[in-house]
$ cat protein.cif   # mmCIF, N, CA and C atoms
data_model
loop_
_atom_site.label_atom_id
_atom_site.label_comp_id
_atom_site.auth_asym_id
_atom_site.auth_seq_id
_atom_site.Cartn_x
_atom_site.Cartn_y
_atom_site.Cartn_z
N VAL R 1 9.48 -11.49 11.01
CA VAL R 1 8.55 -11.03 9.97
C VAL R 1 9.24 -9.96 9.14
N GLN R 2 9.15 -10.10 7.83
CA GLN R 2 9.75 -9.12 6.93
C GLN R 2 8.75 -8.72 5.86
N LEU R 3 8.71 -7.43 5.58
CA LEU R 3 7.92 -6.89 4.49
C LEU R 3 8.85 -6.09 3.60
N GLN R 4 8.83 -6.36 2.31
CA GLN R 4 9.71 -5.69 1.36
C GLN R 4 8.86 -5.05 0.27
N ALA R 5 8.82 -3.72 0.29
CA ALA R 5 8.05 -2.99 -0.71
C ALA R 5 8.95 -2.60 -1.87
N SER R 6 8.37 -2.54 -3.04
CA SER R 6 9.11 -2.14 -4.24
C SER R 6 8.15 -1.56 -5.26
N GLY R 7 8.72 -0.98 -6.32
CA GLY R 7 7.90 -0.48 -7.41
C GLY R 7 7.77 1.02 -7.50
N GLY R 8 8.34 1.73 -6.55
CA GLY R 8 8.28 3.18 -6.60
C GLY R 8 9.15 3.74 -7.70
N GLY R 9 9.02 5.03 -7.93
CA GLY R 9 9.84 5.67 -8.95
C GLY R 9 9.38 7.08 -9.22
N LEU R 10 9.98 7.67 -10.25
CA LEU R 10 9.64 9.03 -10.68
C LEU R 10 8.76 8.95 -11.92
N VAL R 11 7.57 9.51 -11.82
CA VAL R 11 6.64 9.50 -12.95
C VAL R 11 6.04 10.89 -13.12
N GLN R 12 5.34 11.06 -14.23
CA GLN R 12 4.66 12.33 -14.48
C GLN R 12 3.21 12.24 -14.06
N ALA R 13 2.63 13.37 -13.80
CA ALA R 13 1.21 13.41 -13.46
C ALA R 13 0.40 12.72 -14.54
N GLY R 14 -0.55 11.89 -14.10
CA GLY R 14 -1.39 11.14 -15.03
C GLY R 14 -0.89 9.74 -15.30
N ASP R 15 0.35 9.46 -14.95
CA ASP R 15 0.93 8.13 -15.17
C ASP R 15 0.42 7.13 -14.13
N SER R 16 0.85 5.89 -14.30
CA SER R 16 0.48 4.81 -13.39
C SER R 16 1.72 4.13 -12.83
N LEU R 17 1.56 3.55 -11.67
CA LEU R 17 2.60 2.72 -11.05
C LEU R 17 1.91 1.59 -10.31
N ARG R 18 2.62 0.48 -10.18
CA ARG R 18 2.13 -0.59 -9.32
C ARG R 18 3.18 -0.89 -8.28
N LEU R 19 2.81 -0.73 -7.03
CA LEU R 19 3.69 -1.08 -5.93
C LEU R 19 3.43 -2.53 -5.53
N SER R 20 4.50 -3.19 -5.09
CA SER R 20 4.40 -4.57 -4.63
C SER R 20 5.01 -4.67 -3.25
N CYS R 21 4.53 -5.64 -2.50
CA CYS R 21 5.08 -5.89 -1.16
C CYS R 21 5.05 -7.38 -0.92
N VAL R 22 6.20 -7.96 -0.67
CA VAL R 22 6.29 -9.39 -0.36
C VAL R 22 6.48 -9.54 1.14
N VAL R 23 5.78 -10.49 1.70
CA VAL R 23 5.76 -10.69 3.16
C VAL R 23 6.28 -12.07 3.48
N SER R 24 7.08 -12.19 4.51
CA SER R 24 7.58 -13.48 4.95
C SER R 24 7.59 -13.51 6.47
N GLY R 25 7.60 -14.74 7.00
CA GLY R 25 7.70 -14.90 8.44
C GLY R 25 6.39 -14.99 9.20
N LEU R 26 5.28 -15.00 8.47
CA LEU R 26 3.99 -15.20 9.12
C LEU R 26 3.05 -15.89 8.13
N ILE R 27 1.89 -16.30 8.63
CA ILE R 27 0.90 -16.96 7.76
C ILE R 27 0.12 -15.86 7.06
N PHE R 28 0.58 -15.51 5.87
CA PHE R 28 0.09 -14.33 5.16
C PHE R 28 -1.42 -14.32 4.99
N ARG R 29 -1.99 -15.49 4.69
CA ARG R 29 -3.42 -15.53 4.37
C ARG R 29 -4.30 -15.22 5.59
N ASN R 30 -3.70 -15.17 6.77
CA ASN R 30 -4.45 -14.87 7.98
C ASN R 30 -4.52 -13.37 8.30
N TYR R 31 -3.75 -12.58 7.57
CA TYR R 31 -3.62 -11.16 7.90
C TYR R 31 -4.25 -10.27 6.84
N GLY R 32 -4.91 -9.22 7.30
CA GLY R 32 -5.19 -8.14 6.40
C GLY R 32 -3.90 -7.41 6.09
N MET R 33 -3.95 -6.60 5.04
CA MET R 33 -2.78 -5.83 4.64
C MET R 33 -3.20 -4.40 4.35
N ALA R 34 -2.25 -3.50 4.45
CA ALA R 34 -2.55 -2.09 4.23
C ALA R 34 -1.36 -1.37 3.61
N TRP R 35 -1.66 -0.28 2.96
CA TRP R 35 -0.64 0.66 2.47
C TRP R 35 -0.85 2.00 3.16
N PHE R 36 0.25 2.57 3.58
CA PHE R 36 0.28 3.92 4.13
C PHE R 36 1.26 4.74 3.30
N ARG R 37 1.22 6.05 3.51
CA ARG R 37 2.21 6.90 2.85
C ARG R 37 2.57 8.08 3.74
N GLN R 38 3.76 8.59 3.51
CA GLN R 38 4.20 9.76 4.25
C GLN R 38 4.88 10.72 3.29
N ALA R 39 4.27 11.86 3.14
CA ALA R 39 4.83 12.91 2.28
C ALA R 39 5.83 13.74 3.09
N PRO R 40 6.74 14.42 2.41
CA PRO R 40 7.72 15.26 3.12
C PRO R 40 7.05 16.27 4.03
N GLY R 41 7.46 16.28 5.29
CA GLY R 41 6.93 17.24 6.24
C GLY R 41 5.54 16.95 6.75
N LYS R 42 5.00 15.79 6.40
CA LYS R 42 3.64 15.45 6.83
C LYS R 42 3.65 14.14 7.61
N GLU R 43 2.54 13.91 8.30
CA GLU R 43 2.42 12.67 9.05
C GLU R 43 2.05 11.51 8.13
N ARG R 44 2.37 10.32 8.58
CA ARG R 44 1.99 9.13 7.83
C ARG R 44 0.48 9.02 7.78
N GLU R 45 -0.06 8.64 6.62
CA GLU R 45 -1.50 8.52 6.48
C GLU R 45 -1.88 7.22 5.82
N PHE R 46 -3.06 6.75 6.18
CA PHE R 46 -3.62 5.53 5.60
C PHE R 46 -3.96 5.76 4.14
N VAL R 47 -3.68 4.76 3.30
CA VAL R 47 -4.03 4.83 1.89
C VAL R 47 -5.10 3.81 1.53
N ALA R 48 -4.85 2.55 1.87
CA ALA R 48 -5.78 1.50 1.49
C ALA R 48 -5.53 0.26 2.34
N SER R 49 -6.56 -0.57 2.46
CA SER R 49 -6.41 -1.84 3.16
C SER R 49 -7.23 -2.91 2.47
N ILE R 50 -6.85 -4.14 2.71
CA ILE R 50 -7.55 -5.28 2.13
C ILE R 50 -7.60 -6.37 3.19
N SER R 51 -8.75 -7.03 3.31
CA SER R 51 -8.89 -8.07 4.30
C SER R 51 -8.13 -9.32 3.89
N ALA R 52 -8.02 -10.27 4.81
CA ALA R 52 -7.26 -11.49 4.57
C ALA R 52 -7.79 -12.26 3.36
N SER R 53 -9.10 -12.27 3.21
CA SER R 53 -9.71 -13.00 2.10
C SER R 53 -10.01 -12.11 0.91
N ALA R 54 -9.59 -10.85 0.99
CA ALA R 54 -9.74 -9.88 -0.10
C ALA R 54 -11.18 -9.48 -0.38
N ASN R 55 -12.10 -9.76 0.52
CA ASN R 55 -13.50 -9.41 0.27
C ASN R 55 -13.85 -8.02 0.79
N ILE R 56 -12.96 -7.40 1.55
CA ILE R 56 -13.20 -6.05 2.06
C ILE R 56 -11.98 -5.18 1.72
N ARG R 57 -12.26 -4.06 1.06
CA ARG R 57 -11.20 -3.12 0.70
C ARG R 57 -11.65 -1.73 1.12
N ASN R 58 -10.73 -0.98 1.65
CA ASN R 58 -11.01 0.39 2.07
C ASN R 58 -9.95 1.31 1.51
N TYR R 59 -10.37 2.54 1.20
CA TYR R 59 -9.46 3.53 0.63
C TYR R 59 -9.68 4.88 1.28
N ARG R 60 -8.62 5.66 1.33
CA ARG R 60 -8.84 7.05 1.73
C ARG R 60 -9.55 7.76 0.59
N ASP R 61 -10.30 8.77 0.93
CA ASP R 61 -11.16 9.41 -0.07
C ASP R 61 -10.38 9.94 -1.27
N SER R 62 -9.20 10.47 -1.03
CA SER R 62 -8.46 11.14 -2.11
C SER R 62 -7.92 10.18 -3.16
N VAL R 63 -7.95 8.87 -2.89
CA VAL R 63 -7.43 7.91 -3.88
C VAL R 63 -8.52 7.01 -4.43
N LYS R 64 -9.73 7.13 -3.91
CA LYS R 64 -10.82 6.29 -4.41
C LYS R 64 -11.02 6.51 -5.90
N GLY R 65 -11.15 5.41 -6.63
CA GLY R 65 -11.33 5.49 -8.08
C GLY R 65 -10.03 5.57 -8.85
N ARG R 66 -8.92 5.81 -8.15
CA ARG R 66 -7.61 5.89 -8.82
C ARG R 66 -6.67 4.77 -8.39
N PHE R 67 -6.76 4.36 -7.14
CA PHE R 67 -5.88 3.32 -6.60
C PHE R 67 -6.68 2.04 -6.38
N THR R 68 -6.00 0.90 -6.57
CA THR R 68 -6.62 -0.40 -6.33
C THR R 68 -5.65 -1.27 -5.54
N ILE R 69 -6.11 -1.76 -4.41
CA ILE R 69 -5.31 -2.69 -3.61
C ILE R 69 -5.74 -4.11 -3.94
N SER R 70 -4.77 -5.01 -4.02
CA SER R 70 -5.06 -6.41 -4.29
C SER R 70 -4.02 -7.27 -3.60
N ARG R 71 -4.25 -8.56 -3.59
CA ARG R 71 -3.29 -9.46 -2.94
C ARG R 71 -3.29 -10.80 -3.65
N ASP R 72 -2.19 -11.52 -3.48
CA ASP R 72 -2.05 -12.87 -4.00
C ASP R 72 -1.56 -13.72 -2.84
N ASN R 73 -2.47 -14.46 -2.23
CA ASN R 73 -2.08 -15.23 -1.04
C ASN R 73 -1.14 -16.39 -1.37
N ALA R 74 -1.15 -16.84 -2.60
CA ALA R 74 -0.23 -17.92 -2.99
C ALA R 74 1.21 -17.43 -3.07
N LYS R 75 1.37 -16.14 -3.29
CA LYS R 75 2.71 -15.56 -3.44
C LYS R 75 3.10 -14.68 -2.25
N ASN R 76 2.23 -14.57 -1.26
CA ASN R 76 2.49 -13.70 -0.11
C ASN R 76 2.75 -12.26 -0.54
N MET R 77 1.94 -11.80 -1.48
CA MET R 77 2.16 -10.49 -2.06
C MET R 77 0.91 -9.62 -1.89
N VAL R 78 1.14 -8.33 -1.70
CA VAL R 78 0.07 -7.34 -1.75
C VAL R 78 0.52 -6.25 -2.72
N TYR R 79 -0.44 -5.71 -3.46
CA TYR R 79 -0.14 -4.74 -4.50
C TYR R 79 -0.95 -3.47 -4.29
N LEU R 80 -0.44 -2.38 -4.85
CA LEU R 80 -1.19 -1.14 -4.91
C LEU R 80 -1.02 -0.59 -6.32
N LYS R 81 -2.07 -0.69 -7.12
CA LYS R 81 -2.06 -0.12 -8.47
C LYS R 81 -2.52 1.31 -8.37
N MET R 82 -1.70 2.21 -8.85
CA MET R 82 -1.99 3.65 -8.74
C MET R 82 -2.11 4.22 -10.15
N ASP R 83 -3.29 4.70 -10.47
CA ASP R 83 -3.55 5.31 -11.77
C ASP R 83 -3.81 6.81 -11.60
N SER R 84 -3.70 7.53 -12.69
CA SER R 84 -3.97 8.97 -12.68
C SER R 84 -3.24 9.67 -11.54
N LEU R 85 -1.97 9.38 -11.43
CA LEU R 85 -1.20 9.93 -10.31
C LEU R 85 -1.14 11.44 -10.36
N LYS R 86 -1.12 12.04 -9.18
CA LYS R 86 -1.07 13.49 -9.02
C LYS R 86 0.18 13.86 -8.22
N PRO R 87 0.65 15.09 -8.37
CA PRO R 87 1.82 15.49 -7.57
C PRO R 87 1.60 15.32 -6.07
N GLU R 88 0.36 15.47 -5.61
CA GLU R 88 0.09 15.30 -4.18
C GLU R 88 0.16 13.85 -3.72
N ASP R 89 0.33 12.92 -4.65
CA ASP R 89 0.54 11.51 -4.28
C ASP R 89 2.01 11.24 -3.96
N THR R 90 2.87 12.21 -4.17
CA THR R 90 4.29 12.04 -3.88
C THR R 90 4.49 11.75 -2.40
N ALA R 91 5.16 10.62 -2.12
CA ALA R 91 5.36 10.20 -0.73
C ALA R 91 6.19 8.93 -0.72
N ILE R 92 6.62 8.56 0.46
CA ILE R 92 7.15 7.21 0.67
C ILE R 92 5.95 6.33 1.04
N TYR R 93 5.82 5.24 0.33
CA TYR R 93 4.70 4.32 0.53
C TYR R 93 5.18 3.10 1.31
N TYR R 94 4.43 2.76 2.35
CA TYR R 94 4.76 1.64 3.22
C TYR R 94 3.65 0.59 3.19
N CYS R 95 4.04 -0.67 3.17
CA CYS R 95 3.06 -1.72 3.36
C CYS R 95 3.12 -2.17 4.82
N ALA R 96 2.01 -2.67 5.31
CA ALA R 96 1.92 -3.09 6.70
C ALA R 96 0.92 -4.23 6.82
N THR R 97 1.17 -5.10 7.78
CA THR R 97 0.17 -6.11 8.09
C THR R 97 -0.94 -5.46 8.93
N LYS R 98 -2.13 -6.02 8.82
CA LYS R 98 -3.28 -5.49 9.55
C LYS R 98 -3.90 -6.61 10.36
N TRP R 99 -4.01 -6.38 11.67
CA TRP R 99 -4.60 -7.37 12.57
C TRP R 99 -5.63 -6.65 13.42
N GLY R 100 -6.87 -6.84 13.11
CA GLY R 100 -7.91 -6.05 13.77
C GLY R 100 -7.73 -4.59 13.40
N SER R 101 -7.58 -3.76 14.41
CA SER R 101 -7.38 -2.33 14.16
C SER R 101 -5.92 -1.93 14.34
N THR R 102 -5.04 -2.90 14.41
CA THR R 102 -3.62 -2.60 14.59
C THR R 102 -2.82 -2.97 13.34
N TYR R 103 -1.65 -2.41 13.26
CA TYR R 103 -0.74 -2.65 12.13
C TYR R 103 0.61 -3.08 12.72
N PRO R 104 0.77 -4.38 13.00
CA PRO R 104 1.93 -4.81 13.78
C PRO R 104 3.28 -4.84 13.05
N ASN R 105 3.27 -5.01 11.74
CA ASN R 105 4.53 -5.16 11.02
C ASN R 105 4.55 -4.20 9.83
N TRP R 106 5.75 -3.62 9.59
CA TRP R 106 5.89 -2.61 8.55
C TRP R 106 7.08 -2.91 7.65
N GLY R 107 6.96 -2.53 6.39
CA GLY R 107 8.08 -2.59 5.47
C GLY R 107 8.88 -1.31 5.52
N GLN R 108 9.91 -1.25 4.69
CA GLN R 108 10.85 -0.13 4.75
C GLN R 108 10.42 1.05 3.90
N GLY R 109 9.44 0.89 3.03
CA GLY R 109 8.95 1.99 2.21
C GLY R 109 9.58 2.04 0.84
N THR R 110 8.81 2.56 -0.09
CA THR R 110 9.30 2.80 -1.44
C THR R 110 8.83 4.18 -1.88
N LEU R 111 9.74 4.95 -2.50
CA LEU R 111 9.47 6.35 -2.80
C LEU R 111 8.75 6.49 -4.14
N VAL R 112 7.67 7.22 -4.11
CA VAL R 112 6.93 7.58 -5.32
C VAL R 112 7.00 9.09 -5.47
N THR R 113 7.49 9.53 -6.62
CA THR R 113 7.57 10.95 -6.91
C THR R 113 6.81 11.24 -8.19
N VAL R 114 5.84 12.15 -8.09
CA VAL R 114 5.00 12.49 -9.24
C VAL R 114 5.28 13.94 -9.61
N SER R 115 5.80 14.12 -10.80
CA SER R 115 6.11 15.48 -11.26
C SER R 115 4.92 16.06 -12.03
N SER R 116 4.79 17.36 -11.96
CA SER R 116 3.66 18.02 -12.64
C SER R 116 4.00 18.41 -14.07
#
$ encode --input "protein.cif" --output "C-alpha cells"
Amino acid sequence: VQLQASGGGLVQAGDSLRLSCVVSGLIFRNYGMAWFRQAPGKEREFVASISASANIRNYRDSVKGRFTISRDNAKNMVYLKMDSLKPEDTAIYYCATKWGSTYPNWGQGTLVTVSS
C-alpha cells in the first residue's frame, strides 16, 4: 500500500492550497480517508476525514468552514482544499487510510508553510 501526498508549499496568510493524495495497493473505494498534520514541536493532530462513499465528513474545529475534504474514487485520490490559511496552519500534512477507528496506512507528508 502506498500513499503519496503532494501540493504543499509556501503561501501567505489568506491564500489557498489544495493538497492531493494518491493511493495504490488497496481497494480505495472501501476505505475512509483522513488528513492529519504535525506542526514543529507539536504532536500530530487530526484535520479531516471522509467516509468511503463521501457521505460523512468530519473536521477539527479550527479548520471548519475553511478546509474541505473530498475524494475521487475513480482516480484513487483524496484532496484537502484549504482556504483562508493562517500561520497556525503551518505543518506537515499527512494523508492516511481510515478503517473504523484506525488509520492503518500513511503517506510521507507534504509541507505547508503559511507566512504572516
$ resolve_selection --input "protein.cif" --expression "the PyMOL selection byres (((chain R and resi 75 and name CA) around 10) and name CA)" --output "list of chain:residue names"
R:Val22, R:Val23, R:Ser24, R:Phe28, R:Arg29, R:Arg71, R:Asp72, R:Asn73, R:Ala74, R:Asn76, R:Met77, R:Val78
$ write_last_selection --input "protein.cif" --atoms "N, CA and C atoms" --output "short mmCIF file (atom, residue, chain, number, x, y, z; two decimals), keeping the file's coordinate frame"
data_model
loop_
_atom_site.label_atom_id
_atom_site.label_comp_id
_atom_site.auth_asym_id
_atom_site.auth_seq_id
_atom_site.Cartn_x
_atom_site.Cartn_y
_atom_site.Cartn_z
N VAL R 22 6.20 -7.96 -0.67
CA VAL R 22 6.29 -9.39 -0.36
C VAL R 22 6.48 -9.54 1.14
N VAL R 23 5.78 -10.49 1.70
CA VAL R 23 5.76 -10.69 3.16
C VAL R 23 6.28 -12.07 3.48
N SER R 24 7.08 -12.19 4.51
CA SER R 24 7.58 -13.48 4.95
C SER R 24 7.59 -13.51 6.47
N PHE R 28 0.58 -15.51 5.87
CA PHE R 28 0.09 -14.33 5.16
C PHE R 28 -1.42 -14.32 4.99
N ARG R 29 -1.99 -15.49 4.69
CA ARG R 29 -3.42 -15.53 4.37
C ARG R 29 -4.30 -15.22 5.59
N ARG R 71 -4.25 -8.56 -3.59
CA ARG R 71 -3.29 -9.46 -2.94
C ARG R 71 -3.29 -10.80 -3.65
N ASP R 72 -2.19 -11.52 -3.48
CA ASP R 72 -2.05 -12.87 -4.00
C ASP R 72 -1.56 -13.72 -2.84
N ASN R 73 -2.47 -14.46 -2.23
CA ASN R 73 -2.08 -15.23 -1.04
C ASN R 73 -1.14 -16.39 -1.37
N ALA R 74 -1.15 -16.84 -2.60
CA ALA R 74 -0.23 -17.92 -2.99
C ALA R 74 1.21 -17.43 -3.07
N ASN R 76 2.23 -14.57 -1.26
CA ASN R 76 2.49 -13.70 -0.11
C ASN R 76 2.75 -12.26 -0.54
N MET R 77 1.94 -11.80 -1.48
CA MET R 77 2.16 -10.49 -2.06
C MET R 77 0.91 -9.62 -1.89
N VAL R 78 1.14 -8.33 -1.70
CA VAL R 78 0.07 -7.34 -1.75
C VAL R 78 0.52 -6.25 -2.72
#
$ atom_distance --input "protein.cif" --atom1 "CA of Asn30 (chain R)" --atom2 "atom N of Ser101 (chain R)"
13.2 Å
$ resolve_selection --input "protein.cif" --expression "the PyMOL selection byres ((chain R and resi 37-54) around 8)" --output "NGL selection string"
:R and (28-36 or 55-61 or 63-64 or 67-71 or 73 or 88-95 or 98)
$ resolve_selection --input "protein.cif" --expression "the PyMOL selection byres ((chain R and resi 4) around 7)" --output "PyMOL selection string"
chain R and resi 2-3+5-6+20-24+106-109
$ residues_around --input "protein.cif" --residues "region 7-17 of chain R" --least-positions-apart "2" --cutoff "7 Å" --atoms "all atoms listed in the file" --output "list in words"
Ala5, Leu19, Ser20, Leu80, Lys81, Met82, Asp83, Ser84, Leu85, Lys86, Pro87, Thr110, Leu111, Val112, Thr113, Val114, Ser115 and Ser116 of chain R
$ select_by_dssp --input "protein.cif" --residues "chain R" --states "helix (DSSP H, G or I)" --output "PyMOL selection string"
chain R and resi 28-30+61-63+87-89
$ write_last_selection --input "protein.cif" --atoms "N, CA and C atoms" --output "short mmCIF file (atom, residue, chain, number, x, y, z; two decimals), keeping the file's coordinate frame"
data_model
loop_
_atom_site.label_atom_id
_atom_site.label_comp_id
_atom_site.auth_asym_id
_atom_site.auth_seq_id
_atom_site.Cartn_x
_atom_site.Cartn_y
_atom_site.Cartn_z
N PHE R 28 0.58 -15.51 5.87
CA PHE R 28 0.09 -14.33 5.16
C PHE R 28 -1.42 -14.32 4.99
N ARG R 29 -1.99 -15.49 4.69
CA ARG R 29 -3.42 -15.53 4.37
C ARG R 29 -4.30 -15.22 5.59
N ASN R 30 -3.70 -15.17 6.77
CA ASN R 30 -4.45 -14.87 7.98
C ASN R 30 -4.52 -13.37 8.30
N ASP R 61 -10.30 8.77 0.93
CA ASP R 61 -11.16 9.41 -0.07
C ASP R 61 -10.38 9.94 -1.27
N SER R 62 -9.20 10.47 -1.03
CA SER R 62 -8.46 11.14 -2.11
C SER R 62 -7.92 10.18 -3.16
N VAL R 63 -7.95 8.87 -2.89
CA VAL R 63 -7.43 7.91 -3.88
C VAL R 63 -8.52 7.01 -4.43
N PRO R 87 0.65 15.09 -8.37
CA PRO R 87 1.82 15.49 -7.57
C PRO R 87 1.60 15.32 -6.07
N GLU R 88 0.36 15.47 -5.61
CA GLU R 88 0.09 15.30 -4.18
C GLU R 88 0.16 13.85 -3.72
N ASP R 89 0.33 12.92 -4.65
CA ASP R 89 0.54 11.51 -4.28
C ASP R 89 2.01 11.24 -3.96
#
$ select_by_dssp --input "protein.cif" --residues "region 19-59 of chain R" --states "strand (DSSP E or B)" --output "list in words"
Leu19, Ser20, Cys21, Val22, Val23, Ser24, Gly32, Met33, Ala34, Trp35, Phe36, Arg37, Gln38, Glu45, Phe46, Val47, Ala48, Ser49, Ile50, Arg57, Asn58 and Tyr59 of chain R
$ write_last_selection --input "protein.cif" --atoms "N, CA and C atoms" --output "mmCIF file, keeping the file's coordinate frame"
data_model
loop_
_atom_site.group_PDB
_atom_site.id
_atom_site.type_symbol
_atom_site.label_atom_id
_atom_site.label_comp_id
_atom_site.auth_asym_id
_atom_site.auth_seq_id
_atom_site.Cartn_x
_atom_site.Cartn_y
_atom_site.Cartn_z
ATOM 1 N N LEU R 19 2.810 -0.730 -7.030
ATOM 2 C CA LEU R 19 3.690 -1.080 -5.930
ATOM 3 C C LEU R 19 3.430 -2.530 -5.530
ATOM 4 N N SER R 20 4.500 -3.190 -5.090
ATOM 5 C CA SER R 20 4.400 -4.570 -4.630
ATOM 6 C C SER R 20 5.010 -4.670 -3.250
ATOM 7 N N CYS R 21 4.530 -5.640 -2.500
ATOM 8 C CA CYS R 21 5.080 -5.890 -1.160
ATOM 9 C C CYS R 21 5.050 -7.380 -0.920
ATOM 10 N N VAL R 22 6.200 -7.960 -0.670
ATOM 11 C CA VAL R 22 6.290 -9.390 -0.360
ATOM 12 C C VAL R 22 6.480 -9.540 1.140
ATOM 13 N N VAL R 23 5.780 -10.490 1.700
ATOM 14 C CA VAL R 23 5.760 -10.690 3.160
ATOM 15 C C VAL R 23 6.280 -12.070 3.480
ATOM 16 N N SER R 24 7.080 -12.190 4.510
ATOM 17 C CA SER R 24 7.580 -13.480 4.950
ATOM 18 C C SER R 24 7.590 -13.510 6.470
ATOM 19 N N GLY R 32 -4.910 -9.220 7.300
ATOM 20 C CA GLY R 32 -5.190 -8.140 6.400
ATOM 21 C C GLY R 32 -3.900 -7.410 6.090
ATOM 22 N N MET R 33 -3.950 -6.600 5.040
ATOM 23 C CA MET R 33 -2.780 -5.830 4.640
ATOM 24 C C MET R 33 -3.200 -4.400 4.350
ATOM 25 N N ALA R 34 -2.250 -3.500 4.450
ATOM 26 C CA ALA R 34 -2.550 -2.090 4.230
ATOM 27 C C ALA R 34 -1.360 -1.370 3.610
ATOM 28 N N TRP R 35 -1.660 -0.280 2.960
ATOM 29 C CA TRP R 35 -0.640 0.660 2.470
ATOM 30 C C TRP R 35 -0.850 2.000 3.160
ATOM 31 N N PHE R 36 0.250 2.570 3.580
ATOM 32 C CA PHE R 36 0.280 3.920 4.130
ATOM 33 C C PHE R 36 1.260 4.740 3.300
ATOM 34 N N ARG R 37 1.220 6.050 3.510
ATOM 35 C CA ARG R 37 2.210 6.900 2.850
ATOM 36 C C ARG R 37 2.570 8.080 3.740
ATOM 37 N N GLN R 38 3.760 8.590 3.510
ATOM 38 C CA GLN R 38 4.200 9.760 4.250
ATOM 39 C C GLN R 38 4.880 10.720 3.290
ATOM 40 N N GLU R 45 -0.060 8.640 6.620
ATOM 41 C CA GLU R 45 -1.500 8.520 6.480
ATOM 42 C C GLU R 45 -1.880 7.220 5.820
ATOM 43 N N PHE R 46 -3.060 6.750 6.180
ATOM 44 C CA PHE R 46 -3.620 5.530 5.600
ATOM 45 C C PHE R 46 -3.960 5.760 4.140
ATOM 46 N N VAL R 47 -3.680 4.760 3.300
ATOM 47 C CA VAL R 47 -4.030 4.830 1.890
ATOM 48 C C VAL R 47 -5.100 3.810 1.530
ATOM 49 N N ALA R 48 -4.850 2.550 1.870
ATOM 50 C CA ALA R 48 -5.780 1.500 1.490
ATOM 51 C C ALA R 48 -5.530 0.260 2.340
ATOM 52 N N SER R 49 -6.560 -0.570 2.460
ATOM 53 C CA SER R 49 -6.410 -1.840 3.160
ATOM 54 C C SER R 49 -7.230 -2.910 2.470
ATOM 55 N N ILE R 50 -6.850 -4.140 2.710
ATOM 56 C CA ILE R 50 -7.550 -5.280 2.130
ATOM 57 C C ILE R 50 -7.600 -6.370 3.190
ATOM 58 N N ARG R 57 -12.260 -4.060 1.060
ATOM 59 C CA ARG R 57 -11.200 -3.120 0.700
ATOM 60 C C ARG R 57 -11.650 -1.730 1.120
ATOM 61 N N ASN R 58 -10.730 -0.980 1.650
ATOM 62 C CA ASN R 58 -11.010 0.390 2.070
ATOM 63 C C ASN R 58 -9.950 1.310 1.510
ATOM 64 N N TYR R 59 -10.370 2.540 1.200
ATOM 65 C CA TYR R 59 -9.460 3.530 0.630
ATOM 66 C C TYR R 59 -9.680 4.880 1.280
#
$ atom_distance --input "protein.cif" --atom1 "atom N of Ile27 (chain R)" --atom2 "atom N of Tyr79 (chain R)"
16.2 Å
$ atom_distance --input "protein.cif" --atom1 "atom C of Val1 (chain R)" --atom2 "CA of Gly25 (chain R)"
5.2 Å
$ axis_aligned_box --input "protein.cif" --around "region 47-57 of chain R" --padding-each-side "6 Å" --output "lines of an AutoDock Vina configuration file"
center_x = -8.8
center_y = -4.1
center_z = 2.2
size_x = 22.2
size_y = 29.8
size_z = 17.2
